[in-house]
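**Student:** For reference, the file target.txt (compact mmCIF, C-alpha atoms and all ligand atoms) is included below:
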# COMPACT_ATOMS: atom_id res chain seq x y z
CA MET A 1 -10.06 -12.47 -22.24
CA ARG A 2 -11.85 -13.14 -25.53
CA THR A 3 -15.31 -11.73 -26.28
CA LEU A 4 -17.94 -14.36 -25.52
CA ARG A 5 -21.25 -14.67 -27.30
CA ILE A 6 -23.92 -17.20 -28.20
CA GLY A 7 -22.57 -20.22 -30.10
CA MET A 8 -19.18 -20.24 -28.38
CA SER A 9 -17.95 -22.81 -25.90
CA GLY A 10 -15.05 -23.39 -23.53
CA THR A 11 -13.86 -23.44 -19.95
CA ASP A 12 -14.18 -19.63 -19.80
CA VAL A 13 -17.89 -19.94 -20.64
CA MET A 14 -18.25 -22.62 -17.98
CA GLU A 15 -16.63 -20.48 -15.30
CA ILE A 16 -18.97 -17.59 -16.09
CA GLN A 17 -22.00 -19.90 -16.03
CA ALA A 18 -20.99 -21.05 -12.54
CA MET A 19 -20.68 -17.43 -11.40
CA LEU A 20 -24.07 -16.46 -12.92
CA LYS A 21 -25.54 -19.47 -11.15
CA LYS A 22 -24.15 -18.35 -7.79
CA LEU A 23 -25.73 -14.93 -8.40
CA GLY A 24 -29.07 -16.50 -9.32
CA PHE A 25 -29.15 -15.57 -13.03
CA TYR A 26 -28.58 -19.09 -14.38
CA ASN A 27 -30.21 -22.30 -13.23
CA ALA A 28 -28.73 -25.19 -15.23
CA ALA A 29 -25.52 -27.11 -14.59
CA PRO A 30 -22.57 -25.25 -16.17
CA ASP A 31 -21.75 -27.04 -19.45
CA GLY A 32 -19.39 -24.59 -21.14
CA ILE A 33 -21.78 -24.03 -24.05
CA PHE A 34 -22.97 -20.45 -24.60
CA GLY A 35 -26.58 -21.20 -25.55
CA PRO A 36 -29.84 -19.22 -25.28
CA GLN A 37 -30.15 -19.79 -21.53
CA THR A 38 -26.65 -18.43 -20.92
CA GLN A 39 -27.42 -15.47 -23.18
CA ARG A 40 -30.57 -14.69 -21.17
CA ALA A 41 -28.57 -14.88 -17.94
CA VAL A 42 -25.93 -12.48 -19.33
CA ILE A 43 -28.66 -10.03 -20.42
CA GLU A 44 -30.19 -10.14 -16.93
CA PHE A 45 -26.78 -9.55 -15.40
CA GLN A 46 -26.21 -6.59 -17.73
CA ARG A 47 -29.61 -5.07 -16.89
CA ARG A 48 -28.98 -5.42 -13.16
CA TYR A 49 -25.61 -3.67 -13.37
CA GLY A 50 -26.53 -0.90 -15.84
CA LEU A 51 -24.70 -2.32 -18.85
CA THR A 52 -25.90 -2.50 -22.45
CA PRO A 53 -28.08 -5.62 -22.43
CA ASP A 54 -26.72 -7.23 -25.62
CA GLY A 55 -25.99 -10.68 -24.19
CA ILE A 56 -22.35 -10.44 -25.28
CA ILE A 57 -19.50 -10.56 -22.77
CA GLY A 58 -17.09 -7.89 -23.96
CA VAL A 59 -14.64 -5.81 -21.94
CA ASN A 60 -17.23 -3.81 -19.94
CA THR A 61 -19.37 -6.77 -19.01
CA TYR A 62 -16.32 -8.86 -18.15
CA ASN A 63 -14.95 -6.10 -15.92
CA ALA A 64 -18.28 -5.99 -14.09
CA MET A 65 -18.19 -9.77 -13.72
CA ARG A 66 -14.60 -10.02 -12.58
CA ARG A 67 -15.23 -9.19 -8.92
CA TYR A 68 -17.80 -11.95 -8.73
CA LEU A 69 -15.32 -14.38 -10.25
CA LEU A 70 -12.80 -13.31 -7.60
CA GLY A 71 -15.44 -13.43 -4.89
CA TYR A 72 -14.79 -9.98 -3.44
CA ASP A 73 -15.00 -6.28 -4.17
CA THR A 74 -12.92 -3.39 -2.87
CA TYR A 75 -14.91 -0.62 -1.29
CA THR A 76 -14.01 2.88 -0.10
CA ILE A 77 -15.64 3.92 3.17
CA VAL A 78 -17.77 7.07 3.08
CA CYS A 79 -19.10 9.22 5.89
CA GLY A 80 -21.91 7.50 7.81
CA ASP A 81 -20.99 3.94 6.76
CA THR A 82 -21.35 1.14 9.26
CA LEU A 83 -19.98 -2.34 8.93
CA TYR A 84 -23.48 -3.74 9.17
CA ALA A 85 -24.80 -1.46 6.41
CA ILE A 86 -21.92 -2.33 4.07
CA ALA A 87 -22.44 -6.05 4.70
CA ASN A 88 -26.14 -5.63 4.04
CA ARG A 89 -25.56 -3.79 0.79
CA TYR A 90 -23.31 -6.59 -0.47
CA GLY A 91 -25.51 -9.39 0.85
CA THR A 92 -22.66 -10.66 2.96
CA ALA A 93 -21.82 -11.14 6.64
CA PRO A 94 -19.98 -8.58 8.81
CA ASP A 95 -17.59 -11.22 10.15
CA LEU A 96 -16.43 -12.05 6.59
CA ILE A 97 -15.47 -8.38 6.18
CA LEU A 98 -13.66 -8.31 9.52
CA THR A 99 -11.67 -11.45 8.60
CA ALA A 100 -10.61 -9.96 5.27
CA ASN A 101 -9.53 -6.68 6.88
CA PRO A 102 -7.62 -7.48 10.06
CA GLY A 103 -6.89 -3.80 10.82
CA ILE A 104 -10.46 -2.49 10.97
CA PHE A 105 -12.75 -2.13 13.94
CA PRO A 106 -16.54 -2.14 13.61
CA ASN A 107 -17.06 1.04 15.61
CA SER A 108 -14.30 3.15 14.13
CA LEU A 109 -14.38 2.87 10.34
CA ARG A 110 -12.20 5.54 8.78
CA VAL A 111 -13.60 7.58 5.90
CA ALA A 112 -11.68 7.04 2.61
CA GLN A 113 -10.27 3.76 3.89
CA ARG A 114 -10.32 1.02 1.25
CA ILE A 115 -11.54 -2.35 2.44
CA ILE A 116 -12.13 -5.77 0.95
CA VAL A 117 -15.72 -6.96 0.94
CA PRO A 118 -16.09 -10.71 0.32
CA TYR A 119 -19.37 -11.82 -1.19
CA GLY A 120 -21.57 -14.25 0.69
CA PHE A 121 -20.78 -17.21 -1.60
CA ASP A 122 -17.81 -19.60 -1.81
CA VAL A 123 -14.83 -18.86 -4.04
CA VAL A 124 -13.92 -22.38 -5.21
CA ASP A 125 -16.36 -23.82 -7.74
CA THR A 126 -16.65 -27.59 -7.69
CA ASN A 127 -19.01 -27.98 -10.65
CA ILE A 128 -16.72 -26.88 -13.51
CA ASP A 129 -13.60 -27.92 -15.45
CA TYR A 130 -10.90 -26.58 -13.18
CA THR A 131 -8.22 -24.85 -15.26
CA TYR A 132 -4.96 -23.17 -14.25
CA GLU A 133 -6.50 -19.76 -14.85
CA ILE A 134 -9.43 -20.55 -12.57
CA MET A 135 -7.10 -21.83 -9.86
CA GLU A 136 -4.99 -18.69 -10.11
CA ARG A 137 -8.06 -16.49 -9.69
CA ASP A 138 -9.32 -18.60 -6.80
CA ILE A 139 -5.98 -18.34 -5.01
CA GLU A 140 -6.18 -14.56 -5.36
CA GLY A 141 -9.75 -14.59 -4.07
CA LEU A 142 -8.94 -16.83 -1.11
CA LYS A 143 -5.88 -14.78 -0.14
CA ALA A 144 -8.03 -11.61 -0.15
CA ARG A 145 -10.69 -13.21 2.04
CA TYR A 146 -8.28 -15.01 4.33
CA PRO A 147 -5.15 -12.85 4.56
CA PHE A 148 -3.66 -15.21 7.14
CA LEU A 149 -2.97 -17.73 4.34
CA GLU A 150 0.59 -17.83 3.06
CA VAL A 151 0.69 -17.99 -0.74
CA GLY A 152 3.89 -18.49 -2.70
CA ILE A 153 5.44 -20.00 -5.79
CA SER A 154 7.45 -23.22 -5.60
CA GLY A 155 8.73 -23.10 -9.17
CA ALA A 156 7.56 -22.90 -12.75
CA SER A 157 6.30 -25.34 -15.36
CA ALA A 158 8.05 -25.93 -18.67
CA LEU A 159 5.90 -23.17 -20.20
CA GLY A 160 6.46 -20.83 -17.26
CA ARG A 161 3.20 -21.28 -15.38
CA ASN A 162 3.50 -20.83 -11.62
CA LEU A 163 3.54 -23.85 -9.35
CA TYR A 164 1.68 -22.15 -6.52
CA TYR A 165 1.82 -23.31 -2.95
CA ILE A 166 -0.53 -22.38 -0.13
CA ARG A 167 0.41 -22.82 3.50
CA ILE A 168 -2.22 -23.37 6.17
CA GLY A 169 -1.09 -23.04 9.77
CA THR A 170 2.07 -21.96 11.53
CA GLY A 171 2.94 -25.05 13.55
CA ALA A 172 6.18 -27.00 13.59
CA ASN A 173 4.65 -30.22 12.24
CA GLN A 174 5.10 -29.80 8.48
CA VAL A 175 3.13 -31.90 5.99
CA PHE A 176 2.86 -31.60 2.21
CA TYR A 177 -0.08 -32.35 -0.09
CA ASN A 178 0.18 -32.07 -3.86
CA GLY A 179 -2.26 -32.65 -6.71
CA ALA A 180 -2.36 -33.35 -10.43
CA HIS A 181 1.08 -34.66 -11.36
CA HIS A 182 -1.08 -36.29 -14.05
CA SER A 183 -3.08 -33.88 -16.17
CA LEU A 184 -6.15 -36.09 -16.69
CA GLU A 185 -6.43 -36.20 -12.90
CA TRP A 186 -7.21 -32.48 -12.53
CA ILE A 187 -10.22 -33.24 -10.28
CA THR A 188 -7.65 -33.51 -7.45
CA VAL A 189 -7.00 -29.75 -7.81
CA PRO A 190 -10.47 -28.57 -6.68
CA VAL A 191 -10.33 -31.21 -3.91
CA LEU A 192 -7.28 -29.46 -2.45
CA MET A 193 -8.58 -25.96 -3.21
CA LYS A 194 -11.93 -26.69 -1.56
CA PHE A 195 -10.07 -27.99 1.48
CA ILE A 196 -8.10 -24.73 1.70
CA GLU A 197 -11.33 -22.72 1.55
CA GLU A 198 -13.22 -24.81 4.10
CA PHE A 199 -10.29 -24.96 6.48
CA SER A 200 -9.78 -21.19 6.26
CA ARG A 201 -13.42 -20.41 6.89
CA SER A 202 -13.55 -22.77 9.81
CA TYR A 203 -10.37 -21.33 11.29
CA ALA A 204 -11.55 -17.72 10.84
CA GLN A 205 -14.87 -18.47 12.51
CA GLY A 206 -13.43 -20.57 15.30
CA GLN A 207 -15.48 -23.57 14.26
CA SER A 208 -14.61 -27.23 13.95
CA LEU A 209 -14.18 -29.02 10.62
CA GLY A 210 -14.91 -32.71 10.27
CA GLY A 211 -14.65 -33.07 14.04
CA TYR A 212 -11.26 -31.34 14.24
CA ASP A 213 -10.47 -28.07 15.97
CA THR A 214 -8.91 -26.05 13.16
CA GLN A 215 -7.31 -23.62 15.64
CA ASP A 216 -5.44 -26.56 17.16
CA ILE A 217 -4.29 -27.79 13.75
CA TRP A 218 -3.25 -24.26 12.82
CA ASN A 219 -1.00 -24.00 15.87
CA TYR A 220 0.35 -27.55 15.74
CA SER A 221 0.94 -27.98 12.00
CA SER A 222 1.90 -26.27 8.77
CA ILE A 223 0.03 -27.82 5.86
CA TYR A 224 1.77 -26.99 2.57
CA ILE A 225 -0.33 -27.57 -0.54
CA VAL A 226 0.69 -27.44 -4.22
CA PRO A 227 -2.72 -28.02 -5.83
CA MET A 228 -1.50 -28.26 -9.45
CA VAL A 229 1.92 -29.76 -10.23
CA ASN A 230 1.26 -30.10 -13.98
CA PRO A 231 -0.52 -26.93 -15.23
CA ASP A 232 0.78 -27.27 -18.83
CA GLY A 233 -0.66 -30.77 -19.14
CA ILE A 234 -3.98 -29.66 -17.68
CA GLU A 235 -4.08 -26.82 -20.20
CA LEU A 236 -3.74 -29.37 -23.03
CA VAL A 237 -6.49 -31.56 -21.55
CA LEU A 238 -9.02 -28.82 -20.76
CA ASN A 239 -8.30 -26.03 -23.25
CA GLY A 240 -6.61 -27.97 -26.05
CA LEU A 241 -3.40 -27.39 -28.00
CA GLN A 242 -2.94 -23.64 -28.61
CA PRO A 243 -1.38 -22.38 -31.86
CA ASN A 244 1.30 -20.46 -29.93
CA ASN A 245 2.53 -23.55 -28.06
CA PRO A 246 6.31 -23.75 -28.69
CA ASN A 247 6.03 -27.56 -28.98
CA TYR A 248 2.99 -27.44 -31.28
CA GLN A 249 4.26 -29.82 -33.98
CA GLU A 250 6.09 -32.15 -31.60
CA LEU A 251 3.05 -32.48 -29.35
CA ILE A 252 0.91 -33.66 -32.27
CA ARG A 253 3.60 -36.17 -33.24
CA TRP A 254 4.00 -37.35 -29.62
CA ASN A 255 0.21 -37.68 -29.47
CA ASN A 256 0.23 -40.12 -32.42
CA GLY A 257 -0.86 -37.47 -34.89
CA SER A 258 -3.90 -36.31 -32.93
CA THR A 259 -4.74 -32.76 -31.86
CA ASP A 260 -7.14 -34.08 -29.21
CA PHE A 261 -5.44 -34.27 -25.80
CA SER A 262 -8.61 -34.35 -23.73
CA THR A 263 -8.86 -38.07 -22.93
CA ASN A 264 -5.31 -39.47 -22.92
CA TRP A 265 -2.69 -36.84 -22.04
CA GLN A 266 -1.08 -37.37 -18.61
CA SER A 267 2.34 -35.84 -19.33
CA ASN A 268 3.70 -32.32 -19.19
CA ASN A 269 4.25 -30.12 -22.24
CA ARG A 270 7.46 -32.03 -23.09
CA GLY A 271 5.76 -35.42 -23.23
CA VAL A 272 7.26 -36.62 -19.93
CA ASP A 273 5.13 -38.35 -17.31
CA LEU A 274 6.06 -36.36 -14.21
CA ASN A 275 5.25 -39.19 -11.85
CA HIS A 276 7.86 -41.36 -13.58
CA ASN A 277 10.60 -38.76 -13.51
CA TYR A 278 11.71 -38.86 -9.85
CA ASN A 279 15.01 -40.34 -8.79
CA ALA A 280 13.65 -43.48 -7.13
CA GLY A 281 13.75 -46.65 -9.17
CA TRP A 282 14.03 -44.49 -12.30
CA GLU A 283 16.10 -47.12 -14.17
CA GLN A 284 13.44 -49.74 -13.47
CA SER A 285 10.86 -47.28 -14.77
CA LYS A 286 12.87 -46.96 -18.00
CA GLU A 287 13.00 -50.76 -18.36
CA ALA A 288 9.28 -51.05 -17.76
CA GLU A 289 8.47 -48.34 -20.30
CA ALA A 290 10.62 -50.11 -22.92
CA ALA A 291 8.68 -53.31 -22.27
CA LEU A 292 5.49 -51.33 -22.99
CA GLY A 293 6.94 -50.14 -26.31
CA ILE A 294 7.41 -46.55 -25.16
CA THR A 295 10.49 -45.09 -26.77
CA GLY A 296 10.10 -41.34 -26.36
CA PRO A 297 7.84 -38.47 -25.33
CA GLY A 298 4.14 -39.27 -25.36
CA PRO A 299 0.83 -39.09 -23.55
CA THR A 300 1.80 -41.29 -20.58
CA ARG A 301 4.55 -43.27 -18.84
CA TYR A 302 7.60 -41.83 -20.57
CA SER A 303 10.15 -41.26 -17.78
CA GLY A 304 12.27 -38.64 -19.54
CA LEU A 305 15.96 -38.69 -20.55
CA ALA A 306 17.19 -38.52 -16.96
CA PRO A 307 15.74 -38.45 -13.46
CA GLU A 308 14.57 -34.97 -12.43
CA SER A 309 14.91 -33.74 -16.02
CA GLU A 310 11.60 -31.84 -15.81
CA PRO A 311 11.21 -28.39 -14.23
CA GLU A 312 8.02 -29.42 -12.41
CA VAL A 313 9.80 -32.37 -10.79
CA GLN A 314 12.85 -30.24 -9.95
CA ALA A 315 10.52 -27.76 -8.25
CA MET A 316 8.83 -30.45 -6.13
CA VAL A 317 12.22 -31.91 -5.15
CA GLU A 318 13.60 -28.53 -4.15
CA PHE A 319 10.41 -27.57 -2.32
CA THR A 320 10.58 -30.82 -0.37
CA ARG A 321 14.29 -30.44 0.40
CA SER A 322 13.76 -26.90 1.71
CA HIS A 323 11.20 -28.09 4.26
CA ASN A 324 11.04 -30.78 6.90
CA PHE A 325 7.97 -32.78 5.92
CA ARG A 326 6.84 -35.38 8.38
CA LEU A 327 4.36 -36.87 5.88
CA VAL A 328 3.32 -36.32 2.26
CA LEU A 329 0.20 -37.06 0.20
CA ALA A 330 0.36 -37.11 -3.61
CA TYR A 331 -3.12 -36.90 -5.09
CA HIS A 332 -4.13 -38.88 -8.18
CA SER A 333 -7.49 -40.11 -9.46
CA GLN A 334 -8.02 -43.78 -10.08
CA GLY A 335 -9.47 -46.52 -7.98
CA GLU A 336 -10.26 -45.34 -4.41
CA VAL A 337 -7.00 -46.76 -3.16
CA ILE A 338 -4.09 -45.56 -1.02
CA PHE A 339 -0.61 -46.71 -2.05
CA TRP A 340 2.10 -46.79 0.54
CA ASN A 341 5.71 -48.04 0.75
CA PHE A 342 8.56 -48.13 -1.74
CA GLN A 343 10.94 -51.10 -1.87
CA ASN A 344 10.29 -51.73 1.83
CA LEU A 345 11.91 -48.45 2.81
CA ALA A 346 8.84 -46.97 4.56
CA PRO A 347 9.10 -46.84 8.36
CA PRO A 348 6.93 -49.21 10.45
CA GLU A 349 4.52 -46.40 11.39
CA ALA A 350 3.72 -45.85 7.69
CA LEU A 351 1.62 -49.01 7.63
CA ARG A 352 -0.19 -48.03 10.83
CA ILE A 353 -0.95 -44.53 9.51
CA GLY A 354 -1.92 -45.97 6.12
CA ASN A 355 -4.46 -48.20 7.83
CA MET A 356 -5.87 -45.18 9.67
CA LEU A 357 -6.21 -43.22 6.41
CA SER A 358 -7.90 -46.23 4.86
CA GLY A 359 -10.24 -46.48 7.83
CA VAL A 360 -11.45 -42.86 7.71
CA SER A 361 -11.93 -42.83 3.90
CA GLY A 362 -13.04 -46.34 3.02
CA TYR A 363 -10.21 -46.50 0.45
CA ARG A 364 -8.17 -49.74 0.25
CA LEU A 365 -4.54 -49.68 1.39
CA GLU A 366 -2.17 -51.34 -1.08
CA GLU A 367 1.43 -51.72 -2.14
CA LEU A 368 2.18 -51.21 -5.82
CA THR A 369 4.04 -53.48 -8.19
CA GLY A 370 4.89 -53.03 -11.88
CA ILE A 371 5.61 -49.81 -13.75
CA ALA A 372 3.54 -47.62 -11.47
CA ALA A 373 5.77 -48.76 -8.59
CA TYR A 374 8.73 -46.64 -9.73
CA ALA A 375 9.93 -43.06 -9.95
CA GLY A 376 6.85 -41.37 -8.49
CA TYR A 377 6.83 -38.51 -5.99
CA LYS A 378 5.88 -40.62 -2.97
CA ASP A 379 8.50 -43.22 -3.96
CA TRP A 380 11.20 -40.58 -3.99
CA PHE A 381 10.02 -39.09 -0.68
CA ILE A 382 10.08 -42.48 1.05
CA LYS A 383 13.46 -43.38 -0.43
CA GLU A 384 14.95 -40.04 0.54
CA TYR A 385 13.47 -39.54 4.00
CA ARG A 386 12.16 -42.94 5.23
CA ARG A 387 9.01 -41.16 6.38
CA PRO A 388 5.32 -41.81 5.63
CA GLY A 389 4.36 -40.95 2.04
CA TYR A 390 1.18 -41.91 0.22
CA THR A 391 -0.35 -41.79 -3.22
CA ILE A 392 -4.07 -41.20 -2.78
CA GLU A 393 -6.11 -42.38 -5.77
CA VAL A 394 -9.55 -40.74 -5.59
CA GLY A 395 -12.65 -41.80 -7.50
CA LEU A 396 -13.63 -44.66 -9.76
CA GLY A 397 -14.00 -44.80 -13.54
CA VAL A 398 -12.22 -43.54 -16.61
CA ASN A 399 -9.97 -40.46 -16.34
CA PRO A 400 -10.67 -37.62 -16.52
CA LEU A 401 -13.30 -38.38 -13.91
CA PRO A 402 -16.47 -36.33 -14.39
CA ILE A 403 -16.77 -33.38 -12.02
CA SER A 404 -20.12 -34.85 -10.94
CA GLN A 405 -18.03 -37.18 -8.74
CA PHE A 406 -16.65 -34.24 -6.82
CA ASP A 407 -18.93 -34.22 -3.76
CA GLY A 408 -18.41 -37.92 -3.04
CA ILE A 409 -14.67 -37.67 -3.55
CA TYR A 410 -14.41 -34.65 -1.29
CA ALA A 411 -16.43 -36.32 1.46
CA ASP A 412 -14.10 -39.34 1.34
CA ASN A 413 -10.95 -37.24 1.41
CA LEU A 414 -11.70 -34.50 3.92
CA PRO A 415 -10.96 -36.96 6.79
CA ILE A 416 -7.67 -37.98 5.10
CA LEU A 417 -6.59 -34.36 4.68
CA LEU A 418 -7.38 -33.51 8.30
CA LEU A 419 -5.96 -36.65 9.90
CA SER A 420 -2.72 -36.47 7.89
CA SER A 421 -1.99 -33.03 9.33
CA VAL A 422 -1.86 -34.24 12.92
CA VAL A 423 -1.08 -37.95 12.82
ZN ZN B 1 -1.96 -40.52 -11.58
Translate the structure of the given file into structure tokens.
Ligand SMILES: [Zn+2]
**Tutor:**
Amino acid sequence: MRTLRIGMSGTDVMEIQAMLKKLGFYNAAPDGIFGPQTQRAVIEFQRRYGLTPDGIIGVNTYNAMRRYLLGYDTYTIVCGDTLYAIANRYGTAPDLILTANPGIFPNSLRVAQRIIVPYGFDVVDTNIDYTYEIMERDIEGLKARYPFLEVGISGASALGRNLYYIRIGTGANQVFYNGAHHSLEWITVPVLMKFIEEFSRSYAQGQSLGGYDTQDIWNYSSIYIVPMVNPDGIELVLNGLQPNNPNYQELIRWNNGSTDFSTNWQSNNRGVDLNHNYNAGWEQSKEAEAALGITGPGPTRYSGLAPESEPEVQAMVEFTRSHNFRLVLAYHSQGEVIFWNFQNLAPPEALRIGNMLSGVSGYRLEELTGIAAYAGYKDWFIKEYRRPGYTIEVGLGVNPLPISQFDGIYADNLPILLLSSVV
């Protein structure tokens, strides 16, 4: 954590603005620029929590902010505490505390017991640039609030970042959703993270979500989600090339001499396009890339030296092989379209289900041709298992899509995410 002060900018500033906004200290849309309004909000925060009101976020202020970034605090019960009084003090609801602490009972709180107290606001922010670090913190925050979630690691990126998975439900019907094979398409990460949060809340409270009974889904299905397949690429897009990157010089060369990765970089940290690295029509993908003049690592469409050469792809292949997925969704962002089929290997029901997904979202159902038709995750899944697999392309416009599209995209895709878990 670097010290933040007026004049600085970055995704870390943006995350803190979003948190100050949730607490009521900051009113504007988070823009990642530490200006006078952000400084005033920080000073107000510092006054409220007994810190030196200097408007600078150093270690002490950051430590005070951290629990709000995580969305919960830990609290030690003292004599005379009641659940209602604790909830009141934190401005939260007693049932949120009960969900986060399955062992406690409202009428028999034990003195000196440490409990988790979730705040009354949502964990997943959908108005900011969604980095790996933010996702990691949100996963920690969601797991604390909703301990029934299974959180694990499906592998590691080329630079060693975790490829987290979250499992919702305990049923036998296994489905798999993944996001952001392509780094410019990071908006798909908060779509999946928001879904995890809304589903968990709905399940904990025994409510329905989008017309579905989440208790039923929980018992019938296991929804496995890897929200971010390409964290190293997203780091390049959102935080830029860092001086300690082991591929620093190569990345600049692969990026045609530019140090700006924010508008064109779809690949991982080795310059390989992960959605052209699967073992399904990989040779055709190589031919197509040659026709496009691509001869080596670069921002997009380079398939690698061999199929499954990339650690992120190896992790997704192994994760898939170690489960029994009935259906998969691979999330991308371009065109409000659902791609199905691969070389006519999809089963007949894949078209029927594809039409249903199209119907609930308003997205077109299409079959791909050309370079994008080869060596992607859904291609490999269909080739390998002959089961329904889809690429969901959310949103319209130039990647990276602005986060202002989030609400519309989420509304379109919530029905897809729910229906795919039971269809
Ligand atoms: Zn894509």
**Student:** Would you list the residues that come within 6 Å of ligand ZN 1 (chain B)? Count all atoms listed in the file and give the answer as a PDB file with C-alpha atoms, keeping the file's coordinate frame.
**Tutor:**
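Okay, result00.pdb is ready:
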ATOM      1  CA  HIS A 182      -1.080 -36.290 -14.050  1.00  0.00           C
ATOM      2  CA  HIS A 332      -4.130 -38.880  -8.180  1.00  0.00           C
ATOM      3  CA  SER A 333      -7.490 -40.110  -9.460  1.00  0.00           C
TER       4      SER A 333
END
**Student:** Can you list, as an MDAnalysis selection string, every protein, DNA or RNA residue that comes within 8 Å of Gly10 in chain A when you count all atoms listed in the file, leaving out same-chain residues fewer than 5 positions away?
**Tutor:** chainID A and resid 32:33 239
**Student:** Using CA of Ile116 in chain A and CA of Ile104 in chain A as the two end points, give the distance in Å to one decimal.
**Tutor:**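 Those two atoms sit 10.7 Å apart.
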**Student:** Would you kindly return, as a VMD selection string, each protein, DNA or RNA residue with an atom no farther than 12 Å from any atom of Asn63 in chain A, considering all atoms listed in the file and excluding same-chain residues fewer than 5 positions away?
**Tutor:** chain A and resid 1 3 46 49 51 57 to 58 68 to 70 73
**Student:** Name the residues in contact with Glu366 in chain A at a cut-off of 12 Å, using only C-alpha atoms, excluding same-chain residues fewer than 2 positions from it; report them as a PyMOL selection string.
**Tutor:** chain A and resi 335-342+350-351+354-355+357-358+363-364+368-369+373+390-393
**Student:** May I ask for the distance between CA of Ile353 in chain A and CA of Val423 in chain A, given in Å to one decimal place?
**Tutor:** 7.4 Å
**Student:** Calculated over all atoms listed in the file, which of the candidates A:Trp254, A:Tyr177, A:Tyr84, A:Phe45 has the smallest distance to Met65 in chain A?
**Tutor:**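 Of A:Trp254, A:Tyr177, A:Tyr84, A:Phe45, the one nearest Met65 in chain A, counting all atoms listed in the file, is A:Phe45.
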**Student:** As an exercise, work out the distance from CA of Gly362 in chain A to CA of Ile403 in chain A in Å and give it to one decimal place.
**Tutor:**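 Computed distance, CA of Gly362 in chain A to CA of Ile403 in chain A, equals 20.2 Å.
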**Student:** At a cut-off of 12 Å, using only C-alpha atoms, what residues contact Tyr220 in chain A? Leave out same-chain residues fewer than 6 positions from it and give the result as an MDAnalysis selection string.
**Tutor:** chainID A and resid 168:175 213:214 421:423
**Student:** So that I can see what lies close to Tyr132 in chain A, please list as JSON, numbers by chain the residues with an atom at most 12 Å from it, counting all atoms listed in the file and leaving out residues fewer than 4 positions away in the same chain.
**Tutor:** {"A": [11, 12, 136, 137, 138, 139, 157, 161, 162, 163, 164, 180, 183, 186, 189, 190, 193, 227, 228, 229, 230, 231, 232, 233, 234, 235, 236, 237, 238, 239]}
**Student:** Could you save those same residues with C-alpha atoms as a PDB file, in the frame of the given file?
**Tutor:**
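As written to disk, result39.pdb reads:
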ATOM      1  CA  THR A  11     -13.860 -23.440 -19.950  1.00  0.00           C
ATOM      2  CA  ASP A  12     -14.180 -19.630 -19.800  1.00  0.00           C
ATOM      3  CA  GLU A 136      -4.990 -18.690 -10.110  1.00  0.00           C
ATOM      4  CA  ARG A 137      -8.060 -16.490  -9.690  1.00  0.00           C
ATOM      5  CA  ASP A 138      -9.320 -18.600  -6.800  1.00  0.00           C
ATOM      6  CA  ILE A 139      -5.980 -18.340  -5.010  1.00  0.00           C
ATOM      7  CA  SER A 157       6.300 -25.340 -15.360  1.00  0.00           C
ATOM      8  CA  ARG A 161       3.200 -21.280 -15.380  1.00  0.00           C
ATOM      9  CA  ASN A 162       3.500 -20.830 -11.620  1.00  0.00           C
ATOM     10  CA  LEU A 163       3.540 -23.850  -9.350  1.00  0.00           C
ATOM     11  CA  TYR A 164       1.680 -22.150  -6.520  1.00  0.00           C
ATOM     12  CA  ALA A 180      -2.360 -33.350 -10.430  1.00  0.00           C
ATOM     13  CA  SER A 183      -3.080 -33.880 -16.170  1.00  0.00           C
ATOM     14  CA  TRP A 186      -7.210 -32.480 -12.530  1.00  0.00           C
ATOM     15  CA  VAL A 189      -7.000 -29.750  -7.810  1.00  0.00           C
ATOM     16  CA  PRO A 190     -10.470 -28.570  -6.680  1.00  0.00           C
ATOM     17  CA  MET A 193      -8.580 -25.960  -3.210  1.00  0.00           C
ATOM     18  CA  PRO A 227      -2.720 -28.020  -5.830  1.00  0.00           C
ATOM     19  CA  MET A 228      -1.500 -28.260  -9.450  1.00  0.00           C
ATOM     20  CA  VAL A 229       1.920 -29.760 -10.230  1.00  0.00           C
ATOM     21  CA  ASN A 230       1.260 -30.100 -13.980  1.00  0.00           C
ATOM     22  CA  PRO A 231      -0.520 -26.930 -15.230  1.00  0.00           C
ATOM     23  CA  ASP A 232       0.780 -27.270 -18.830  1.00  0.00           C
ATOM     24  CA  GLY A 233      -0.660 -30.770 -19.140  1.00  0.00           C
ATOM     25  CA  ILE A 234      -3.980 -29.660 -17.680  1.00  0.00           C
ATOM     26  CA  GLU A 235      -4.080 -26.820 -20.200  1.00  0.00           C
ATOM     27  CA  LEU A 236      -3.740 -29.370 -23.030  1.00  0.00           C
ATOM     28  CA  VAL A 237      -6.490 -31.560 -21.550  1.00  0.00           C
ATOM     29  CA  LEU A 238      -9.020 -28.820 -20.760  1.00  0.00           C
ATOM     30  CA  ASN A 239      -8.300 -26.030 -23.250  1.00  0.00           C
TER      31      ASN A 239
END
**Student:** Between A:Arg352, A:Gly296, A:Gln343, A:Tyr385, which one has atoms that come closest to Arg321 in chain A, using only C-alpha atoms?
**Tutor:** A:Tyr385
**Student:** Hey, which of A:Ile128, A:Ile115, A:Leu292, A:Leu418 ends up closest to Tyr212 in chain A? Count only C-alpha atoms.
**Tutor:**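 Distance minimum relative to Tyr212 in chain A lands on A:Leu418.
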**Student:** Restricting the calculation to all atoms listed in the file, which member of A:Phe325, A:Tyr119, A:Glu133, A:Asn27 is positioned closest to Glu15 in chain A?
**Tutor:**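 Answer, going by the shortest atom-to-atom distance: A:Glu133.
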**Student:** Which residue, A:Val317, A:Leu417, A:Val124, A:Ala18, has the smallest gap to Met356 in chain A when you use only C-alpha atoms?
**Tutor:**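 Of all the options, A:Leu417 lies closest to Met356 in chain A.
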